[in-house]
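Next comes structure-v5.pdb, a file with PDB, C-alpha atoms, pLDDT in the B column.
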```
ATOM      1  CA  MET A   1    -165.443  58.684  66.662  1.00 53.00           C
ATOM      2  CA  THR A   2    -168.315  56.626  68.016  1.00 57.00           C
ATOM      3  CA  ALA A   3    -167.602  53.583  70.131  1.00 65.00           C
ATOM      4  CA  HIS A   4    -169.520  51.189  67.883  1.00 81.00           C
ATOM      5  CA  GLN A   5    -167.962  50.866  64.449  1.00 88.00           C
ATOM      6  CA  ARG A   6    -168.210  47.976  62.042  1.00 93.00           C
ATOM      7  CA  PRO A   7    -165.162  45.677  62.119  1.00 92.00           C
ATOM      8  CA  GLU A   8    -164.595  46.241  58.391  1.00 93.00           C
ATOM      9  CA  PHE A   9    -164.452  50.002  58.967  1.00 95.00           C
ATOM     10  CA  LEU A  10    -161.923  49.570  61.777  1.00 96.00           C
ATOM     11  CA  ALA A  11    -159.731  47.262  59.692  1.00 94.00           C
ATOM     12  CA  ARG A  12    -159.898  49.618  56.685  1.00 94.00           C
ATOM     13  CA  SER A  13    -158.979  52.622  58.860  1.00 96.00           C
ATOM     14  CA  VAL A  14    -155.958  50.791  60.282  1.00 97.00           C
ATOM     15  CA  PHE A  15    -154.986  49.494  56.826  1.00 95.00           C
ATOM     16  CA  ASP A  16    -155.151  52.957  55.254  1.00 96.00           C
ATOM     17  CA  ALA A  17    -153.017  54.423  58.055  1.00 97.00           C
ATOM     18  CA  LEU A  18    -150.406  51.663  57.741  1.00 96.00           C
ATOM     19  CA  GLN A  19    -150.323  51.957  53.961  1.00 95.00           C
ATOM     20  CA  SER A  20    -149.753  55.703  54.262  1.00 96.00           C
ATOM     21  CA  ALA A  21    -146.876  55.119  56.683  1.00 96.00           C
ATOM     22  CA  GLY A  22    -145.161  52.736  54.248  1.00 93.00           C
ATOM     23  CA  SER A  23    -142.106  50.806  55.454  1.00 92.00           C
ATOM     24  CA  ARG A  24    -141.693  53.141  58.458  1.00 95.00           C
ATOM     25  CA  GLY A  25    -144.845  51.656  60.002  1.00 95.00           C
ATOM     26  CA  LEU A  26    -146.689  52.994  63.025  1.00 97.00           C
ATOM     27  CA  THR A  27    -146.701  52.294  66.733  1.00 97.00           C
ATOM     28  CA  PHE A  28    -149.981  51.556  68.482  1.00 97.00           C
ATOM     29  CA  VAL A  29    -150.221  55.114  69.833  1.00 97.00           C
ATOM     30  CA  GLU A  30    -149.498  56.540  66.392  1.00 97.00           C
ATOM     31  CA  LEU A  31    -152.238  54.331  64.942  1.00 98.00           C
ATOM     32  CA  MET A  32    -154.669  55.758  67.489  1.00 97.00           C
ATOM     33  CA  GLU A  33    -153.631  59.319  66.623  1.00 98.00           C
ATOM     34  CA  VAL A  34    -153.727  58.878  62.843  1.00 97.00           C
ATOM     35  CA  THR A  35    -157.036  56.980  62.726  1.00 97.00           C
ATOM     36  CA  GLY A  36    -158.801  58.805  65.549  1.00 96.00           C
ATOM     37  CA  LEU A  37    -159.872  55.433  66.959  1.00 96.00           C
ATOM     38  CA  THR A  38    -159.806  54.319  70.578  1.00 95.00           C
ATOM     39  CA  ALA A  39    -157.298  51.749  71.839  1.00 96.00           C
ATOM     40  CA  HIS A  40    -159.959  49.035  71.776  1.00 96.00           C
ATOM     41  CA  GLN A  41    -160.995  49.971  68.236  1.00 96.00           C
ATOM     42  CA  VAL A  42    -157.407  49.943  66.946  1.00 97.00           C
ATOM     43  CA  ARG A  43    -156.777  46.564  68.618  1.00 96.00           C
ATOM     44  CA  HIS A  44    -159.954  45.167  67.057  1.00 96.00           C
ATOM     45  CA  GLY A  45    -159.090  46.714  63.679  1.00 96.00           C
ATOM     46  CA  LEU A  46    -155.638  45.095  63.794  1.00 96.00           C
ATOM     47  CA  SER A  47    -157.086  41.671  64.559  1.00 94.00           C
ATOM     48  CA  VAL A  48    -159.645  41.920  61.749  1.00 95.00           C
ATOM     49  CA  LEU A  49    -157.008  43.257  59.343  1.00 94.00           C
ATOM     50  CA  ARG A  50    -154.597  40.437  60.174  1.00 90.00           C
ATOM     51  CA  GLU A  51    -157.230  37.891  59.140  1.00 90.00           C
ATOM     52  CA  ALA A  52    -158.665  39.815  56.176  1.00 89.00           C
ATOM     53  CA  LEU A  53    -155.464  41.057  54.542  1.00 86.00           C
ATOM     54  CA  PRO A  54    -154.546  37.840  52.692  1.00 83.00           C
ATOM     55  CA  GLY A  55    -157.944  37.886  50.936  1.00 83.00           C
ATOM     56  CA  MET A  56    -157.922  41.569  50.003  1.00 81.00           C
ATOM     57  CA  THR A  57    -157.743  42.195  46.275  1.00 80.00           C
ATOM     58  CA  GLY A  58    -155.654  44.908  44.696  1.00 82.00           C
ATOM     59  CA  THR A  59    -152.881  44.863  47.299  1.00 85.00           C
ATOM     60  CA  ASP A  60    -149.761  42.866  47.990  1.00 83.00           C
ATOM     61  CA  ALA A  61    -149.563  44.166  51.567  1.00 87.00           C
ATOM     62  CA  VAL A  62    -148.364  41.796  54.283  1.00 87.00           C
ATOM     63  CA  TYR A  63    -149.221  42.378  57.953  1.00 87.00           C
ATOM     64  CA  THR A  64    -146.194  42.402  60.240  1.00 89.00           C
ATOM     65  CA  TYR A  65    -145.401  43.511  63.759  1.00 90.00           C
ATOM     66  CA  ASP A  66    -141.881  44.363  64.857  1.00 90.00           C
ATOM     67  CA  PRO A  67    -141.620  43.328  68.518  1.00 83.00           C
ATOM     68  CA  HIS A  68    -138.348  45.226  68.959  1.00 85.00           C
ATOM     69  CA  GLY A  69    -139.717  48.614  67.932  1.00 87.00           C
ATOM     70  CA  HIS A  70    -143.382  47.839  68.654  1.00 93.00           C
ATOM     71  CA  VAL A  71    -144.192  48.906  65.096  1.00 95.00           C
ATOM     72  CA  TYR A  72    -147.024  47.640  62.892  1.00 95.00           C
ATOM     73  CA  ARG A  73    -146.551  47.529  59.111  1.00 94.00           C
ATOM     74  CA  THR A  74    -148.165  46.379  55.909  1.00 93.00           C
ATOM     75  CA  ALA A  75    -144.884  46.709  54.000  1.00 89.00           C
ATOM     76  CA  TYR A  76    -142.910  43.479  53.630  1.00 87.00           C
ATOM     77  CA  LEU A  77    -139.476  43.657  55.250  1.00 89.00           C
ATOM     78  CA  PRO A  78    -137.987  40.121  55.216  1.00 88.00           C
ATOM     79  CA  ASP A  79    -136.154  40.174  58.570  1.00 88.00           C
ATOM     80  CA  ILE A  80    -139.085  41.720  60.412  1.00 88.00           C
ATOM     81  CA  ALA A  81    -141.606  39.425  58.734  1.00 85.00           C
ATOM     82  CA  GLU A  82    -139.566  36.357  59.695  1.00 87.00           C
ATOM     83  CA  ALA A  83    -139.250  37.491  63.321  1.00 85.00           C
ATOM     84  CA  TYR A  84    -143.000  38.145  63.437  1.00 86.00           C
ATOM     85  CA  GLU A  85    -143.815  34.741  61.927  1.00 86.00           C
ATOM     86  CA  LEU A  86    -141.575  32.916  64.404  1.00 86.00           C
ATOM     87  CA  MET A  87    -143.055  34.889  67.307  1.00 86.00           C
ATOM     88  CA  ARG A  88    -146.617  34.013  66.221  1.00 86.00           C
ATOM     89  CA  LEU A  89    -145.814  30.343  65.590  1.00 86.00           C
ATOM     90  CA  SER A  90    -144.080  30.021  68.933  1.00 85.00           C
ATOM     91  CA  ALA A  91    -147.083  31.546  70.701  1.00 87.00           C
ATOM     92  CA  GLU A  92    -149.465  29.202  68.870  1.00 86.00           C
ATOM     93  CA  ALA A  93    -147.304  26.182  69.728  1.00 84.00           C
ATOM     94  CA  THR A  94    -147.439  27.208  73.394  1.00 85.00           C
ATOM     95  CA  ARG A  95    -151.201  27.668  73.206  1.00 88.00           C
ATOM     96  CA  SER A  96    -151.614  24.262  71.550  1.00 84.00           C
ATOM     97  CA  TYR A  97    -149.440  22.671  74.239  1.00 84.00           C
ATOM     98  CA  ARG A  98    -151.656  24.188  76.937  1.00 87.00           C
ATOM     99  CA  VAL A  99    -154.825  22.938  75.223  1.00 85.00           C
ATOM    100  CA  LEU A 100    -153.255  19.497  74.980  1.00 81.00           C
ATOM    101  CA  THR A 101    -152.088  19.283  78.592  1.00 83.00           C
ATOM    102  CA  GLY A 102    -154.971  21.156  80.210  1.00 87.00           C
ATOM    103  CA  THR A 103    -157.931  19.851  78.229  1.00 83.00           C
ATOM    104  CA  VAL A 104    -157.279  17.037  75.777  1.00 80.00           C
ATOM    105  CA  LEU A 105    -155.124  14.737  77.930  1.00 80.00           C
ATOM    106  CA  PRO A 106    -157.333  14.888  81.055  1.00 84.00           C
ATOM    107  CA  HIS A 107    -160.478  14.344  78.964  1.00 79.00           C
ATOM    108  CA  ALA A 108    -158.907  11.559  76.893  1.00 77.00           C
ATOM    109  CA  ARG A 109    -158.213   9.581  80.082  1.00 80.00           C
ATOM    110  CA  GLN A 110    -161.952   9.595  80.829  1.00 81.00           C
ATOM    111  CA  SER A 111    -163.276   9.205  77.291  1.00 79.00           C
ATOM    112  CA  ARG A 112    -164.093   6.098  75.283  1.00 81.00           C
ATOM    113  CA  ALA A 113    -164.380   8.056  72.011  1.00 82.00           C
ATOM    114  CA  LYS A 114    -161.963   6.863  69.352  1.00 81.00           C
ATOM    115  CA  GLN A 115    -161.896  10.351  67.780  1.00 82.00           C
ATOM    116  CA  LEU A 116    -160.587  11.908  70.981  1.00 78.00           C
ATOM    117  CA  ARG A 117    -157.810   9.329  71.333  1.00 76.00           C
ATOM    118  CA  MET A 118    -156.799   9.888  67.697  1.00 81.00           C
ATOM    119  CA  LEU A 119    -156.927  13.669  68.100  1.00 80.00           C
ATOM    120  CA  LYS A 120    -154.810  13.409  71.260  1.00 79.00           C
ATOM    121  CA  ARG A 121    -152.147  11.431  69.403  1.00 82.00           C
ATOM    122  CA  HIS A 122    -152.206  13.835  66.455  1.00 84.00           C
ATOM    123  CA  LEU A 123    -152.039  16.946  68.640  1.00 81.00           C
ATOM    124  CA  GLN A 124    -149.147  15.477  70.653  1.00 83.00           C
ATOM    125  CA  LEU A 125    -147.176  14.934  67.433  1.00 87.00           C
ATOM    126  CA  VAL A 126    -147.913  18.444  66.149  1.00 85.00           C
ATOM    127  CA  VAL A 127    -146.960  20.093  69.439  1.00 81.00           C
ATOM    128  CA  ASP A 128    -143.754  18.064  69.810  1.00 84.00           C
ATOM    129  CA  GLU A 129    -142.683  18.791  66.226  1.00 87.00           C
ATOM    130  CA  ALA A 130    -143.449  22.505  66.555  1.00 82.00           C
ATOM    131  CA  LYS A 131    -141.424  22.740  69.764  1.00 81.00           C
ATOM    132  CA  ASP A 132    -138.461  21.009  68.101  1.00 84.00           C
ATOM    133  CA  ILE A 133    -138.609  23.189  64.992  1.00 84.00           C
ATOM    134  CA  LEU A 134    -139.011  26.467  66.886  1.00 79.00           C
ATOM    135  CA  GLU A 135    -136.186  25.880  69.377  1.00 79.00           C
ATOM    136  CA  PRO A 136    -133.384  28.397  68.845  1.00 71.00           C
ATOM    137  CA  ALA A 137    -130.494  26.968  66.890  1.00 63.00           C
TER     138      ALA A 137
END
```
Could you express the structure from this file as structure tokens?
Amino acid sequence: MTAHQRPEFLARSVFDALQSAGSRGLTFVELMEVTGLTAHQVRHGLSVLREALPGMTGTDAVYTYDPHGHVYRTAYLPDIAEAYELMRLSAEATRSYRVLTGTVLPHARQSRAKQLRMLKRHLQLVVDEAKDILEPA
């Protein structure tokens, strides 16, 4: 397989492999073996697929990753999908917190722009709420 493949081709290759695997899913290494793609190509295909899958017609597939078994799937398994969603949301809340504390707050102290002050307030509320919601019960 050549190193330079179109992102759509990579995503389709990964999608076809995951669809063939069904609810069993595939590990990253298995995805490389089944598709014949390199590690970088599989990683890129997964990222493109994750974004493109909701808009794909003719399929009800849902992208999930099981962090316990390190398995990728396009079959919807409720417990695994929920764990994946919480993992992603927690990571995004952490990323947003870092943007807020490392970029927005220091810049807002120096800025006179009303938009930045409003964005700072909004982002603080979103980050605080996300942290509260995502804390383990």
Problem set entry | Surrounding residues of A:Glu8 excluding itself and chain neighbours under 5 positions, 9 Å, all atoms listed in the file, as a list of chain:residue names | A:Ser13, A:Gly45, A:Val48, A:Leu49
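For the set A:Thr59, A:His44, A:Tyr72, A:Phe9, the residue with the smallest atom-to-atom gap to A:Glu30 is A:Tyr72, counting all atoms listed in the file.
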Counting all atoms listed in the file, write as an mmCIF file with C-alpha atoms, keeping the file's coordinate frame all protein and nucleic acid residues lying at most 10 Å from (-142.2, 53.9, 60.9) in the file's frame.
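Contents of selection03.cif, as written:
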```cif
data_model
loop_
_atom_site.group_PDB
_atom_site.id
_atom_site.type_symbol
_atom_site.label_atom_id
_atom_site.label_comp_id
_atom_site.auth_asym_id
_atom_site.auth_seq_id
_atom_site.Cartn_x
_atom_site.Cartn_y
_atom_site.Cartn_z
ATOM 1 C CA LEU A 18 -150.406 51.663 57.741
ATOM 2 C CA ALA A 21 -146.876 55.119 56.683
ATOM 3 C CA GLY A 22 -145.161 52.736 54.248
ATOM 4 C CA SER A 23 -142.106 50.806 55.454
ATOM 5 C CA ARG A 24 -141.693 53.141 58.458
ATOM 6 C CA GLY A 25 -144.845 51.656 60.002
ATOM 7 C CA LEU A 26 -146.689 52.994 63.025
ATOM 8 C CA THR A 27 -146.701 52.294 66.733
ATOM 9 C CA GLU A 30 -149.498 56.540 66.392
ATOM 10 C CA GLY A 69 -139.717 48.614 67.932
ATOM 11 C CA HIS A 70 -143.382 47.839 68.654
ATOM 12 C CA VAL A 71 -144.192 48.906 65.096
ATOM 13 C CA TYR A 72 -147.024 47.640 62.892
ATOM 14 C CA ARG A 73 -146.551 47.529 59.111
#
```
Problem set entry | Gap from atom CA of A:Val42 to atom CA of A:Asp16 - Å, one decimal | 12.3 Å
Problem set entry | Explicit residue set for the PyMOL selection byres ((chain A and resi 90-95) around 8), as JSON, numbers by chain | {"A": [86, 87, 88, 89, 96, 97, 98, 99, 127, 130, 131, 134]}
Any chance you could export the current selection's C-alpha atoms as a compact mmCIF listing (two decimals), keeping the file's coordinate frame?
```txt
# COMPACT_ATOMS: atom_id res chain seq x y z
CA LEU A 86 -141.57 32.92 64.40
CA MET A 87 -143.06 34.89 67.31
CA ARG A 88 -146.62 34.01 66.22
CA LEU A 89 -145.81 30.34 65.59
CA SER A 96 -151.61 24.26 71.55
CA TYR A 97 -149.44 22.67 74.24
CA ARG A 98 -151.66 24.19 76.94
CA VAL A 99 -154.82 22.94 75.22
CA VAL A 127 -146.96 20.09 69.44
CA ALA A 130 -143.45 22.50 66.56
CA LYS A 131 -141.42 22.74 69.76
CA LEU A 134 -139.01 26.47 66.89
```
Exercise. If the PyMOL selection byres ((chain A and resi 74) around 6) is run on the structure shown, which residues does it catch, given as a PyMOL selection string?
Worked result: chain A and resi 61-63+73+75
Write the residues of the preceding selection, restricted to C-alpha atoms, as a tab-separated table (two decimals), keeping the file's coordinate frame.
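To be explicit, this is the file written out as selection-v7.tsv:
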```
chain	number	residue	atom	x	y	z
A	61	ALA	CA	-149.56	44.17	51.57
A	62	VAL	CA	-148.36	41.80	54.28
A	63	TYR	CA	-149.22	42.38	57.95
A	73	ARG	CA	-146.55	47.53	59.11
A	75	ALA	CA	-144.88	46.71	54.00
```
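For the set A:Ile80, A:Ser20, A:Val34, A:Lys120, the residue with the smallest atom-to-atom gap to A:Pro106 is A:Lys120, counting all atoms listed in the file.
Among A:Ala83, A:Ile133, A:Ala39, A:Leu105, the residue with the shortest atom-to-atom distance to A:Met118, counting all atoms listed in the file, is A:Leu105.
Coordinates place atom CA of A:Leu46 at a distance of 6.7 Å from atom CA of A:Val14.
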Exercise. Which residues come within 12 Å of A:His107, counting all atoms listed in the file, excluding same-chain residues fewer than 5 positions away, as a ChimeraX atom specification?
Worked result: /A:99-102,112-113,115-117,119-120
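Computed from the coordinates, the atom CA of A:Arg12 to atom CA of A:Asp79 distance equals 25.6 Å.
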Edge lengths and centre in Å to one decimal, as AutoDock Vina command-line options, of the axis-aligned box that encloses all listed atoms of stretch 74-91 of chain A with 6 Å added on every side?
```
--center_x -142.2 --center_y 38.4 --center_z 62.2 --size_x 24.0 --size_y 28.7 --size_z 29.1
```
Problem set entry | Selection dump of the PyMOL selection byres ((chain A and resi 37) around 10), as a VMD selection string | chain A and resid 1 to 3 5 10 13 to 14 31 to 36 38 to 43 45
Please write stretch 77-124 of chain A of the preceding block to a file containing N, CA and C atoms, as a PDB file, in the first residue's frame?
```
ATOM      1  N   LEU A  77     -22.939  -1.200  20.970  1.00  0.00           N
ATOM      2  CA  LEU A  77     -23.096  -1.963  22.204  1.00  0.00           C
ATOM      3  C   LEU A  77     -23.256  -0.931  23.309  1.00  0.00           C
ATOM      4  N   PRO A  78     -24.437  -0.827  23.926  1.00  0.00           N
ATOM      5  CA  PRO A  78     -24.746   0.286  24.839  1.00  0.00           C
ATOM      6  C   PRO A  78     -23.707   0.562  25.917  1.00  0.00           C
ATOM      7  N   ASP A  79     -23.256  -0.454  26.640  1.00  0.00           N
ATOM      8  CA  ASP A  79     -22.295  -0.219  27.727  1.00  0.00           C
ATOM      9  C   ASP A  79     -20.970   0.315  27.210  1.00  0.00           C
ATOM     10  N   ILE A  80     -20.513  -0.228  26.101  1.00  0.00           N
ATOM     11  CA  ILE A  80     -19.243   0.207  25.519  1.00  0.00           C
ATOM     12  C   ILE A  80     -19.379   1.614  24.944  1.00  0.00           C
ATOM     13  N   ALA A  81     -20.500   1.873  24.281  1.00  0.00           N
ATOM     14  CA  ALA A  81     -20.724   3.203  23.711  1.00  0.00           C
ATOM     15  C   ALA A  81     -20.768   4.258  24.812  1.00  0.00           C
ATOM     16  N   GLU A  82     -21.419   3.957  25.914  1.00  0.00           N
ATOM     17  CA  GLU A  82     -21.500   4.914  27.022  1.00  0.00           C
ATOM     18  C   GLU A  82     -20.119   5.175  27.621  1.00  0.00           C
ATOM     19  N   ALA A  83     -19.340   4.119  27.819  1.00  0.00           N
ATOM     20  CA  ALA A  83     -17.985   4.294  28.363  1.00  0.00           C
ATOM     21  C   ALA A  83     -17.134   5.134  27.417  1.00  0.00           C
ATOM     22  N   TYR A  84     -17.270   4.890  26.119  1.00  0.00           N
ATOM     23  CA  TYR A  84     -16.517   5.654  25.122  1.00  0.00           C
ATOM     24  C   TYR A  84     -16.926   7.127  25.137  1.00  0.00           C
ATOM     25  N   GLU A  85     -18.239   7.376  25.201  1.00  0.00           N
ATOM     26  CA  GLU A  85     -18.735   8.752  25.215  1.00  0.00           C
ATOM     27  C   GLU A  85     -18.230   9.508  26.441  1.00  0.00           C
ATOM     28  N   LEU A  86     -18.289   8.869  27.605  1.00  0.00           N
ATOM     29  CA  LEU A  86     -17.811   9.516  28.826  1.00  0.00           C
ATOM     30  C   LEU A  86     -16.309   9.766  28.768  1.00  0.00           C
ATOM     31  N   MET A  87     -15.558   8.817  28.206  1.00  0.00           N
ATOM     32  CA  MET A  87     -14.115   8.992  28.066  1.00  0.00           C
ATOM     33  C   MET A  87     -13.811  10.185  27.160  1.00  0.00           C
ATOM     34  N   ARG A  88     -14.510  10.281  26.027  1.00  0.00           N
ATOM     35  CA  ARG A  88     -14.281  11.391  25.090  1.00  0.00           C
ATOM     36  C   ARG A  88     -14.678  12.729  25.707  1.00  0.00           C
ATOM     37  N   LEU A  89     -15.835  12.772  26.363  1.00  0.00           N
ATOM     38  CA  LEU A  89     -16.299  14.018  26.971  1.00  0.00           C
ATOM     39  C   LEU A  89     -15.372  14.474  28.091  1.00  0.00           C
ATOM     40  N   SER A  90     -14.878  13.536  28.869  1.00  0.00           N
ATOM     41  CA  SER A  90     -13.950  13.881  29.930  1.00  0.00           C
ATOM     42  C   SER A  90     -12.658  14.451  29.351  1.00  0.00           C
ATOM     43  N   ALA A  91     -12.170  13.851  28.284  1.00  0.00           N
ATOM     44  CA  ALA A  91     -10.949  14.351  27.640  1.00  0.00           C
ATOM     45  C   ALA A  91     -11.172  15.746  27.065  1.00  0.00           C
ATOM     46  N   GLU A  92     -12.327  15.976  26.463  1.00  0.00           N
ATOM     47  CA  GLU A  92     -12.625  17.297  25.899  1.00  0.00           C
ATOM     48  C   GLU A  92     -12.790  18.342  26.992  1.00  0.00           C
ATOM     49  N   ALA A  93     -13.384  17.955  28.126  1.00  0.00           N
ATOM     50  CA  ALA A  93     -13.515  18.891  29.245  1.00  0.00           C
ATOM     51  C   ALA A  93     -12.131  19.274  29.768  1.00  0.00           C
ATOM     52  N   THR A  94     -11.230  18.314  29.846  1.00  0.00           N
ATOM     53  CA  THR A  94      -9.862  18.598  30.283  1.00  0.00           C
ATOM     54  C   THR A  94      -9.170  19.519  29.295  1.00  0.00           C
ATOM     55  N   ARG A  95      -9.335  19.244  28.011  1.00  0.00           N
ATOM     56  CA  ARG A  95      -8.725  20.086  26.982  1.00  0.00           C
ATOM     57  C   ARG A  95      -9.272  21.513  27.054  1.00  0.00           C
ATOM     58  N   SER A  96     -10.582  21.643  27.228  1.00  0.00           N
ATOM     59  CA  SER A  96     -11.198  22.962  27.337  1.00  0.00           C
ATOM     60  C   SER A  96     -10.681  23.703  28.569  1.00  0.00           C
ATOM     61  N   TYR A  97     -10.521  22.986  29.670  1.00  0.00           N
ATOM     62  CA  TYR A  97      -9.987  23.590  30.891  1.00  0.00           C
ATOM     63  C   TYR A  97      -8.574  24.129  30.644  1.00  0.00           C
ATOM     64  N   ARG A  98      -7.772  23.363  29.916  1.00  0.00           N
ATOM     65  CA  ARG A  98      -6.398  23.798  29.636  1.00  0.00           C
ATOM     66  C   ARG A  98      -6.372  25.008  28.705  1.00  0.00           C
ATOM     67  N   VAL A  99      -7.278  25.052  27.737  1.00  0.00           N
ATOM     68  CA  VAL A  99      -7.369  26.228  26.862  1.00  0.00           C
ATOM     69  C   VAL A  99      -7.769  27.441  27.695  1.00  0.00           C
ATOM     70  N   LEU A 100      -8.724  27.232  28.586  1.00  0.00           N
ATOM     71  CA  LEU A 100      -9.199  28.327  29.433  1.00  0.00           C
ATOM     72  C   LEU A 100      -8.076  28.860  30.326  1.00  0.00           C
ATOM     73  N   THR A 101      -7.405  27.968  31.042  1.00  0.00           N
ATOM     74  CA  THR A 101      -6.401  28.422  32.006  1.00  0.00           C
ATOM     75  C   THR A 101      -5.087  28.840  31.350  1.00  0.00           C
ATOM     76  N   GLY A 102      -4.740  28.222  30.224  1.00  0.00           N
ATOM     77  CA  GLY A 102      -3.457  28.514  29.606  1.00  0.00           C
ATOM     78  C   GLY A 102      -3.487  29.601  28.561  1.00  0.00           C
ATOM     79  N   THR A 103      -4.669  29.867  27.986  1.00  0.00           N
ATOM     80  CA  THR A 103      -4.747  30.848  26.909  1.00  0.00           C
ATOM     81  C   THR A 103      -5.754  31.956  27.204  1.00  0.00           C
ATOM     82  N   VAL A 104      -7.003  31.576  27.432  1.00  0.00           N
ATOM     83  CA  VAL A 104      -8.064  32.569  27.539  1.00  0.00           C
ATOM     84  C   VAL A 104      -7.884  33.482  28.758  1.00  0.00           C
ATOM     85  N   LEU A 105      -7.677  32.906  29.936  1.00  0.00           N
ATOM     86  CA  LEU A 105      -7.557  33.735  31.138  1.00  0.00           C
ATOM     87  C   LEU A 105      -6.356  34.689  31.084  1.00  0.00           C
ATOM     88  N   PRO A 106      -5.157  34.204  30.711  1.00  0.00           N
ATOM     89  CA  PRO A 106      -4.040  35.161  30.633  1.00  0.00           C
ATOM     90  C   PRO A 106      -4.275  36.263  29.588  1.00  0.00           C
ATOM     91  N   HIS A 107      -4.881  35.920  28.461  1.00  0.00           N
ATOM     92  CA  HIS A 107      -5.123  36.926  27.427  1.00  0.00           C
ATOM     93  C   HIS A 107      -6.233  37.887  27.838  1.00  0.00           C
ATOM     94  N   ALA A 108      -7.245  37.365  28.542  1.00  0.00           N
ATOM     95  CA  ALA A 108      -8.370  38.210  28.949  1.00  0.00           C
ATOM     96  C   ALA A 108      -7.912  39.294  29.941  1.00  0.00           C
ATOM     97  N   ARG A 109      -6.897  38.989  30.736  1.00  0.00           N
ATOM     98  CA  ARG A 109      -6.386  39.987  31.682  1.00  0.00           C
ATOM     99  C   ARG A 109      -5.757  41.171  30.949  1.00  0.00           C
ATOM    100  N   GLN A 110      -5.252  40.942  29.760  1.00  0.00           N
ATOM    101  CA  GLN A 110      -4.568  41.973  28.982  1.00  0.00           C
ATOM    102  C   GLN A 110      -5.490  42.658  27.968  1.00  0.00           C
ATOM    103  N   SER A 111      -6.613  42.015  27.662  1.00  0.00           N
ATOM    104  CA  SER A 111      -7.450  42.482  26.563  1.00  0.00           C
ATOM    105  C   SER A 111      -8.531  43.468  27.007  1.00  0.00           C
ATOM    106  N   ARG A 112      -8.886  44.348  26.094  1.00  0.00           N
ATOM    107  CA  ARG A 112     -10.016  45.260  26.319  1.00  0.00           C
ATOM    108  C   ARG A 112     -11.239  44.816  25.529  1.00  0.00           C
ATOM    109  N   ALA A 113     -11.116  43.736  24.756  1.00  0.00           N
ATOM    110  CA  ALA A 113     -12.206  43.282  23.887  1.00  0.00           C
ATOM    111  C   ALA A 113     -13.349  42.676  24.708  1.00  0.00           C
ATOM    112  N   LYS A 114     -14.537  43.193  24.487  1.00  0.00           N
ATOM    113  CA  LYS A 114     -15.714  42.702  25.187  1.00  0.00           C
ATOM    114  C   LYS A 114     -15.980  41.239  24.845  1.00  0.00           C
ATOM    115  N   GLN A 115     -15.744  40.850  23.574  1.00  0.00           N
ATOM    116  CA  GLN A 115     -15.991  39.481  23.140  1.00  0.00           C
ATOM    117  C   GLN A 115     -15.140  38.490  23.934  1.00  0.00           C
ATOM    118  N   LEU A 116     -13.905  38.839  24.185  1.00  0.00           N
ATOM    119  CA  LEU A 116     -13.021  37.940  24.925  1.00  0.00           C
ATOM    120  C   LEU A 116     -13.477  37.781  26.366  1.00  0.00           C
ATOM    121  N   ARG A 117     -13.905  38.873  26.991  1.00  0.00           N
ATOM    122  CA  ARG A 117     -14.406  38.776  28.369  1.00  0.00           C
ATOM    123  C   ARG A 117     -15.663  37.914  28.423  1.00  0.00           C
ATOM    124  N   MET A 118     -16.551  38.081  27.444  1.00  0.00           N
ATOM    125  CA  MET A 118     -17.780  37.281  27.401  1.00  0.00           C
ATOM    126  C   MET A 118     -17.462  35.806  27.140  1.00  0.00           C
ATOM    127  N   LEU A 119     -16.535  35.554  26.224  1.00  0.00           N
ATOM    128  CA  LEU A 119     -16.136  34.185  25.921  1.00  0.00           C
ATOM    129  C   LEU A 119     -15.507  33.539  27.145  1.00  0.00           C
ATOM    130  N   LYS A 120     -14.691  34.282  27.868  1.00  0.00           N
ATOM    131  CA  LYS A 120     -14.048  33.774  29.084  1.00  0.00           C
ATOM    132  C   LYS A 120     -15.116  33.328  30.082  1.00  0.00           C
ATOM    133  N   ARG A 121     -16.100  34.183  30.308  1.00  0.00           N
ATOM    134  CA  ARG A 121     -17.174  33.849  31.247  1.00  0.00           C
ATOM    135  C   ARG A 121     -17.940  32.611  30.794  1.00  0.00           C
ATOM    136  N   HIS A 122     -18.257  32.560  29.504  1.00  0.00           N
ATOM    137  CA  HIS A 122     -18.998  31.422  28.954  1.00  0.00           C
ATOM    138  C   HIS A 122     -18.190  30.135  29.082  1.00  0.00           C
ATOM    139  N   LEU A 123     -16.924  30.181  28.703  1.00  0.00           N
ATOM    140  CA  LEU A 123     -16.074  28.995  28.748  1.00  0.00           C
ATOM    141  C   LEU A 123     -15.876  28.521  30.182  1.00  0.00           C
ATOM    142  N   GLN A 124     -15.768  29.456  31.137  1.00  0.00           N
ATOM    143  CA  GLN A 124     -15.646  29.062  32.541  1.00  0.00           C
ATOM    144  C   GLN A 124     -16.886  28.294  32.992  1.00  0.00           C
TER     145      GLN A 124
END
```
